[in-house]
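Comments concern the structure below.
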Amino acid sequence: MEERVYAGCFTRAFGPEPDAGTPTVVLVHGLGLSGRYFVPLARRLARTGVTVLVPDLPGNARSRHTVRRMPDVEQTADALARWHRRLVPGPSLLVANSVGCQVAAALASHHPSLVHRLVLLGPALTPRVPAWRQGGRLLKDASREPLALIRVAAADYLLTGPLRFGASLRHALRDATVAFEGHLAGVTVPTLVVRGSGDTIASEAWVRRVTRLVADGRAADMAGAAHAAHYSTPDTVAELIERFAAGETP
């Protein structure tokens, strides 16, 4: 693993250097977190010879000092697009988890030339669900996640800081209310929507709606996993992503 700052984003890189002849996978983390909880999946994907890039989004964790104010979802997507253009020579397979799916949907909608396939793992937040209910769903899910993930998340939240986390949450709630579904409707690339069967944050009904909103969507369930299936079952998620990248139906 190589660690470096590119275009305002602290970045973890796995596998070969980005090259036009090598597939690139970009992993986008969720609210207030860092790319650390994607490391098991990144290592597994890189074993097949692909390049895997895992940024900390602007304002989060080790990228917290790269911006003065916490950007909203669309600003974050635009910043990620600039990072992508600097680092990746062509379109990538974009994989996002939780609120990172809002960023990924905005990027794929506004910058379609940068993405050739999209994977949404537990897409959140659900539009028009009150903040207190979203918070309750998060707490319920935490009891179903591995203890090691809770430790990683707690450290990341502290690193990002409560003020920036709160600002990100407000931006994410607003985006979920006014823009998320529109961004999903603007996604034209093949999209795989993955939900852990024990996910209390992204409901089965919402995942079905996400699959219908995108132009070319398909859904997959991960038995026994919760919201962060990529952390608890990285090998299974990697195999699912690899089959999807190869054009196979999940």
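In the structure tokens, chains take letters A, B, ... by order of appearance, with residues numbered from 1 within each chain and ligands from 1 in the order shown.
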**Message:** Please list as a list in words every residue within 6 Å of range 11-21 of chain A, counting only C-alpha atoms and excluding residues in the same chain fewer than 6 positions away.
**Reply:**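 Listing them by chain and then by number gives Met1, Glu2, Glu3, Arg4, Val5, Ala46, Thr51, Val52, Leu53, Val54, Pro55, Val88 and Pro89 of chain A.
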Per residue of range 44-131 of chain A within 6 Å of range 195-215 of chain A, what are the shortest atom pair and its distance in Å to one decimal, counting only C-alpha atoms, with rows by chain and residue number, as a Markdown table?
| residue | atom | partner | partner_atom | distance |
| --- | --- | --- | --- | --- |
| A:Gly122 | CA | A:Arg195 | CA | 5.1 |
| A:Pro123 | CA | A:Ala202 | CA | 6.0 |
| A:Ala124 | CA | A:Ala202 | CA | 5.9 |
**Distance query Ser232 in chain A at most 9 Å, only C-alpha atoms, self and fewer than 4 positions along chain excluded, as a PyMOL selection string** = chain A and resi 145-146+149+225-226+228
Taking 6 positions as the minimum chain separation for residues in the same chain, which residues sit within 8 Å of Leu114 in chain A when counting only C-alpha atoms? Answer as a PDB file with C-alpha atoms, in the first residue's frame.
ATOM      1  CA  ALA A  81     -13.773  14.472 -10.097  1.00  0.00           C
ATOM      2  CA  HIS A  84      -9.879  11.503 -10.507  1.00  0.00           C
ATOM      3  CA  ARG A  85      -8.778  13.467 -13.586  1.00  0.00           C
ATOM      4  CA  GLY A  90      -9.548   6.838 -17.966  1.00  0.00           C
ATOM      5  CA  PRO A  91     -12.965   5.947 -16.532  1.00  0.00           C
ATOM      6  CA  SER A  92     -12.961   3.819 -13.383  1.00  0.00           C
ATOM      7  CA  ALA A 108     -21.554   9.706 -12.108  1.00  0.00           C
TER       8      ALA A 108
END
**Item:** Which residue of A:Leu120, A:Leu31, A:Arg174, A:Val103 approaches Ala220 in chain A most closely, using only C-alpha atoms
**Value:**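 The closest residue to Ala220 in chain A is A:Leu120.
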**Message:** Can you pull out the residues contacting range 8-10 of chain A? Cut-off 9 Å, using only C-alpha atoms, and skip same-chain residues under 4 positions away; I want them as a list in words.
**Reply:**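 Once the adjacent positions are removed, what remains is Glu3, Arg4, Val54, Pro55, Asp56, Leu57, Pro58, Gly59, Ala61, Arg62, Ser63, Arg64, His65, Thr66, Val67, Ala79, Leu80 and Trp83 of chain A.
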The selected residues should be written to file as a compact mmCIF listing (two decimals), in the first residue's frame (atoms: N, CA, C and O atoms).
# COMPACT_ATOMS: atom_id res chain seq x y z
N GLU A 3 0.75 5.53 0.34
CA GLU A 3 -0.08 6.62 0.84
C GLU A 3 0.51 7.95 0.37
O GLU A 3 1.70 8.19 0.49
N ARG A 4 -0.37 8.80 -0.17
CA ARG A 4 0.09 10.08 -0.70
C ARG A 4 -1.10 11.04 -0.80
O ARG A 4 -2.26 10.59 -0.86
N VAL A 54 -8.06 4.64 -2.89
CA VAL A 54 -9.00 4.85 -1.78
C VAL A 54 -8.73 6.22 -1.16
O VAL A 54 -7.85 6.36 -0.30
N PRO A 55 -9.45 7.27 -1.57
CA PRO A 55 -9.22 8.59 -1.00
C PRO A 55 -9.97 8.81 0.31
O PRO A 55 -11.03 8.21 0.53
N ASP A 56 -9.42 9.66 1.18
CA ASP A 56 -10.20 10.28 2.24
C ASP A 56 -10.81 11.54 1.62
O ASP A 56 -10.08 12.41 1.13
N LEU A 57 -12.12 11.64 1.59
CA LEU A 57 -12.77 12.77 0.94
C LEU A 57 -12.43 14.09 1.64
O LEU A 57 -12.13 14.10 2.84
N PRO A 58 -12.44 15.20 0.92
CA PRO A 58 -12.06 16.50 1.50
C PRO A 58 -12.84 16.79 2.79
O PRO A 58 -14.05 16.64 2.86
N GLY A 59 -12.09 17.19 3.83
CA GLY A 59 -12.69 17.51 5.11
C GLY A 59 -12.79 16.35 6.06
O GLY A 59 -13.12 16.53 7.24
N ALA A 61 -11.19 12.91 8.01
CA ALA A 61 -10.04 12.14 8.49
C ALA A 61 -8.71 12.80 8.08
O ALA A 61 -8.45 13.96 8.43
N ARG A 62 -7.89 12.11 7.30
CA ARG A 62 -6.56 12.63 6.96
C ARG A 62 -6.60 13.66 5.83
O ARG A 62 -5.56 14.19 5.44
N SER A 63 -7.79 13.94 5.31
CA SER A 63 -7.97 15.06 4.37
C SER A 63 -8.71 16.22 5.03
O SER A 63 -9.21 17.12 4.35
N ARG A 64 -8.78 16.22 6.36
CA ARG A 64 -9.62 17.21 7.06
C ARG A 64 -9.09 18.64 6.91
O ARG A 64 -9.87 19.59 6.97
N HIS A 65 -7.78 18.80 6.73
CA HIS A 65 -7.21 20.15 6.67
C HIS A 65 -7.07 20.67 5.23
O HIS A 65 -6.50 21.73 5.02
N THR A 66 -7.58 19.91 4.27
CA THR A 66 -7.42 20.35 2.88
C THR A 66 -8.51 21.35 2.45
O THR A 66 -8.41 21.93 1.37
N VAL A 67 -9.52 21.54 3.29
CA VAL A 67 -10.57 22.52 3.02
C VAL A 67 -10.86 23.31 4.29
O VAL A 67 -10.71 22.79 5.40
N ALA A 79 -14.92 17.84 -6.30
CA ALA A 79 -13.53 17.69 -5.84
C ALA A 79 -12.99 16.31 -6.17
O ALA A 79 -11.83 16.15 -6.59
N LEU A 80 -13.84 15.30 -6.01
CA LEU A 80 -13.43 13.94 -6.34
C LEU A 80 -13.19 13.79 -7.84
O LEU A 80 -12.28 13.07 -8.27
N TRP A 83 -9.77 15.20 -8.53
CA TRP A 83 -8.79 14.21 -8.07
C TRP A 83 -8.70 13.07 -9.08
O TRP A 83 -7.60 12.62 -9.43
**Asked** How many Å separate CA of Gly30 in chain A from CA of Glu248 in chain A?
**Response** 26.9 Å
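Distances from A:Gly35, A:Pro127, A:Gly166, A:Gly186 to Arg69 in chain A were compared using only C-alpha atoms, and the smallest one belongs to A:Gly166.
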**Those of range 7-248 of chain A in DSSP alpha helix (DSSP H), formatted as JSON, numbers by chain** = {"A": [39, 40, 41, 42, 43, 44, 45, 46, 73, 74, 75, 76, 77, 78, 79, 80, 81, 82, 83, 84, 85, 86, 87, 100, 101, 102, 103, 104, 105, 106, 107, 108, 109, 110, 131, 132, 133, 134, 135, 136, 137, 138, 139, 140, 141, 142, 147, 148, 149, 150, 151, 152, 153, 154, 155, 156, 157, 158, 159, 160, 162, 163, 164, 165, 166, 167, 168, 169, 170, 171, 172, 173, 174, 175, 176, 177, 178, 180, 181, 182, 183, 184, 185, 204, 205, 206, 207, 208, 209, 210, 211, 212, 213, 229, 230, 231, 232, 234, 235, 236, 237, 238, 239, 240, 241, 242, 243, 244, 245]}
**Asked** Quick one: distance from CA of Ala229 in chain A to CA of Pro112 in chain A in Å, one decimal?
**Response**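 Calculated distance between CA of Ala229 in chain A and CA of Pro112 in chain A is 26.3 Å.
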**Item:** Residue nearest Ala42 in chain A among A:Leu27, A:Leu118, A:Ala245, A:Leu107 (counting only C-alpha atoms)
**Value:**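 Between A:Leu27, A:Leu118, A:Ala245, A:Leu107, the residue approaching Ala42 in chain A most closely is A:Leu27.
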**Message:** Using only C-alpha atoms for the distances, tell me which of A:Ala185, A:Val115, A:Leu158, A:Leu94 is nearest to Asp216 in chain A.
**Reply:** A:Ala185
**Request:** State, in Å with one decimal place, the distance from CA of Val28 in chain A to CA of Ala96 in chain A.
**Result:** 4.5 Å
**Prompt:** Contacts of Ser168 in chain A at 8 Å or less, counting only C-alpha atoms, minus same-chain residues fewer than 2 places along, as a ChimeraX atom specification?
**Reply:** /A:31-32,70-72,164-166,170-172
Would you mind exporting the chosen residues as a PDB file, in the first residue's frame, restricted to all heavy atoms?
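To be explicit, this is the file written out as part.pdb:
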ATOM      1  N   LEU A  31     -20.045   8.672   5.630  1.00  0.00           N
ATOM      2  CA  LEU A  31     -20.119   9.904   6.406  1.00  0.00           C
ATOM      3  C   LEU A  31     -19.099   9.955   7.543  1.00  0.00           C
ATOM      4  O   LEU A  31     -19.092   9.096   8.424  1.00  0.00           O
ATOM      5  CB  LEU A  31     -21.531  10.035   6.991  1.00  0.00           C
ATOM      6  CG  LEU A  31     -21.845  11.303   7.782  1.00  0.00           C
ATOM      7  CD1 LEU A  31     -21.953  12.496   6.843  1.00  0.00           C
ATOM      8  CD2 LEU A  31     -23.146  11.135   8.552  1.00  0.00           C
ATOM      9  N   GLY A  32     -18.213  10.967   7.513  1.00  0.00           N
ATOM     10  CA  GLY A  32     -17.279  11.215   8.596  1.00  0.00           C
ATOM     11  C   GLY A  32     -16.157  10.217   8.727  1.00  0.00           C
ATOM     12  O   GLY A  32     -15.352  10.306   9.655  1.00  0.00           O
ATOM     13  N   MET A  70     -16.506  22.424   5.399  1.00  0.00           N
ATOM     14  CA  MET A  70     -16.914  21.100   4.932  1.00  0.00           C
ATOM     15  C   MET A  70     -17.743  21.248   3.661  1.00  0.00           C
ATOM     16  O   MET A  70     -18.774  21.932   3.657  1.00  0.00           O
ATOM     17  CB  MET A  70     -17.742  20.406   6.006  1.00  0.00           C
ATOM     18  CG  MET A  70     -17.688  18.911   5.939  1.00  0.00           C
ATOM     19  SD  MET A  70     -16.021  18.311   6.295  1.00  0.00           S
ATOM     20  CE  MET A  70     -16.296  16.548   6.278  1.00  0.00           C
ATOM     21  N   PRO A  71     -17.318  20.664   2.548  1.00  0.00           N
ATOM     22  CA  PRO A  71     -18.081  20.794   1.304  1.00  0.00           C
ATOM     23  C   PRO A  71     -19.372  19.998   1.360  1.00  0.00           C
ATOM     24  O   PRO A  71     -19.477  18.999   2.088  1.00  0.00           O
ATOM     25  CB  PRO A  71     -17.124  20.214   0.259  1.00  0.00           C
ATOM     26  CG  PRO A  71     -16.252  19.271   1.012  1.00  0.00           C
ATOM     27  CD  PRO A  71     -16.093  19.863   2.379  1.00  0.00           C
ATOM     28  N   ASP A  72     -20.370  20.438   0.579  1.00  0.00           N
ATOM     29  CA  ASP A  72     -21.597  19.657   0.493  1.00  0.00           C
ATOM     30  C   ASP A  72     -21.384  18.496  -0.462  1.00  0.00           C
ATOM     31  O   ASP A  72     -20.278  18.281  -0.980  1.00  0.00           O
ATOM     32  CB  ASP A  72     -22.786  20.535   0.095  1.00  0.00           C
ATOM     33  CG  ASP A  72     -22.652  21.171  -1.285  1.00  0.00           C
ATOM     34  OD1 ASP A  72     -21.897  20.642  -2.124  1.00  0.00           O
ATOM     35  OD2 ASP A  72     -23.330  22.201  -1.537  1.00  0.00           O
ATOM     36  N   ARG A 164     -17.164  19.075  11.912  1.00  0.00           N
ATOM     37  CA  ARG A 164     -17.158  18.685  10.499  1.00  0.00           C
ATOM     38  C   ARG A 164     -18.131  17.523  10.255  1.00  0.00           C
ATOM     39  O   ARG A 164     -18.788  17.471   9.216  1.00  0.00           O
ATOM     40  CB  ARG A 164     -15.743  18.331  10.044  1.00  0.00           C
ATOM     41  CG  ARG A 164     -14.851  19.563   9.913  1.00  0.00           C
ATOM     42  CD  ARG A 164     -13.436  19.191   9.509  1.00  0.00           C
ATOM     43  NE  ARG A 164     -12.610  20.387   9.371  1.00  0.00           N
ATOM     44  CZ  ARG A 164     -12.383  21.020   8.233  1.00  0.00           C
ATOM     45  NH1 ARG A 164     -12.932  20.573   7.114  1.00  0.00           N
ATOM     46  NH2 ARG A 164     -11.629  22.093   8.188  1.00  0.00           N
ATOM     47  N   PHE A 165     -18.205  16.598  11.196  1.00  0.00           N
ATOM     48  CA  PHE A 165     -19.160  15.508  11.056  1.00  0.00           C
ATOM     49  C   PHE A 165     -20.590  16.056  11.017  1.00  0.00           C
ATOM     50  O   PHE A 165     -21.400  15.634  10.180  1.00  0.00           O
ATOM     51  CB  PHE A 165     -19.018  14.516  12.212  1.00  0.00           C
ATOM     52  CG  PHE A 165     -20.001  13.376  12.143  1.00  0.00           C
ATOM     53  CD1 PHE A 165     -19.691  12.228  11.435  1.00  0.00           C
ATOM     54  CD2 PHE A 165     -21.230  13.455  12.781  1.00  0.00           C
ATOM     55  CE1 PHE A 165     -20.602  11.178  11.362  1.00  0.00           C
ATOM     56  CE2 PHE A 165     -22.140  12.416  12.713  1.00  0.00           C
ATOM     57  CZ  PHE A 165     -21.826  11.269  12.003  1.00  0.00           C
ATOM     58  N   GLY A 166     -20.895  16.991  11.918  1.00  0.00           N
ATOM     59  CA  GLY A 166     -22.228  17.575  11.935  1.00  0.00           C
ATOM     60  C   GLY A 166     -22.561  18.308  10.650  1.00  0.00           C
ATOM     61  O   GLY A 166     -23.677  18.203  10.122  1.00  0.00           O
ATOM     62  N   ARG A 170     -25.584  17.367   7.939  1.00  0.00           N
ATOM     63  CA  ARG A 170     -26.581  18.328   7.434  1.00  0.00           C
ATOM     64  C   ARG A 170     -26.582  18.345   5.901  1.00  0.00           C
ATOM     65  O   ARG A 170     -27.645  18.341   5.268  1.00  0.00           O
ATOM     66  CB  ARG A 170     -26.296  19.730   7.985  1.00  0.00           C
ATOM     67  CG  ARG A 170     -26.566  19.885   9.468  1.00  0.00           C
ATOM     68  CD  ARG A 170     -26.575  21.351   9.893  1.00  0.00           C
ATOM     69  NE  ARG A 170     -25.291  22.011   9.656  1.00  0.00           N
ATOM     70  CZ  ARG A 170     -24.278  21.995  10.513  1.00  0.00           C
ATOM     71  NH1 ARG A 170     -24.388  21.330  11.655  1.00  0.00           N
ATOM     72  NH2 ARG A 170     -23.152  22.638  10.240  1.00  0.00           N
ATOM     73  N   HIS A 171     -25.397  18.364   5.305  1.00  0.00           N
ATOM     74  CA  HIS A 171     -25.305  18.355   3.842  1.00  0.00           C
ATOM     75  C   HIS A 171     -25.921  17.075   3.269  1.00  0.00           C
ATOM     76  O   HIS A 171     -26.636  17.116   2.262  1.00  0.00           O
ATOM     77  CB  HIS A 171     -23.843  18.453   3.408  1.00  0.00           C
ATOM     78  CG  HIS A 171     -23.187  19.763   3.679  1.00  0.00           C
ATOM     79  ND1 HIS A 171     -23.851  20.973   3.523  1.00  0.00           N
ATOM     80  CD2 HIS A 171     -21.917  20.072   4.073  1.00  0.00           C
ATOM     81  CE1 HIS A 171     -23.019  21.957   3.818  1.00  0.00           C
ATOM     82  NE2 HIS A 171     -21.852  21.442   4.147  1.00  0.00           N
ATOM     83  N   ALA A 172     -25.634  15.933   3.916  1.00  0.00           N
ATOM     84  CA  ALA A 172     -26.136  14.655   3.407  1.00  0.00           C
ATOM     85  C   ALA A 172     -27.654  14.567   3.519  1.00  0.00           C
ATOM     86  O   ALA A 172     -28.325  14.066   2.610  1.00  0.00           O
ATOM     87  CB  ALA A 172     -25.480  13.502   4.165  1.00  0.00           C
TER      88      ALA A 172
END
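The set of residues in range 12-110 of chain A assigned to strand (DSSP E) by DSSP, using only backbone atoms of this structure, is Arg12, Ala13, Phe14, Thr24, Val25, Val26, Leu27, Val28, Thr51, Val52, Leu53, Val54, Pro55, Ser92, Leu93, Leu94, Val95, Ala96 and Asn97 of chain A.
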**Nearby residues (only C-alpha atoms) at most 12 Å from Ile150 in chain A, same-chain spacing under 5 positions excluded, as a PyMOL selection string** = chain A and resi 33+36-37+138-139+141-145+155-157+228+231-232
**Prompt:** Taking into account only C-alpha atoms, which residue in the set A:Ile241, A:Val73, A:Val178, A:Val26 is nearest to Val39 in chain A?
**Reply:** A:Val26
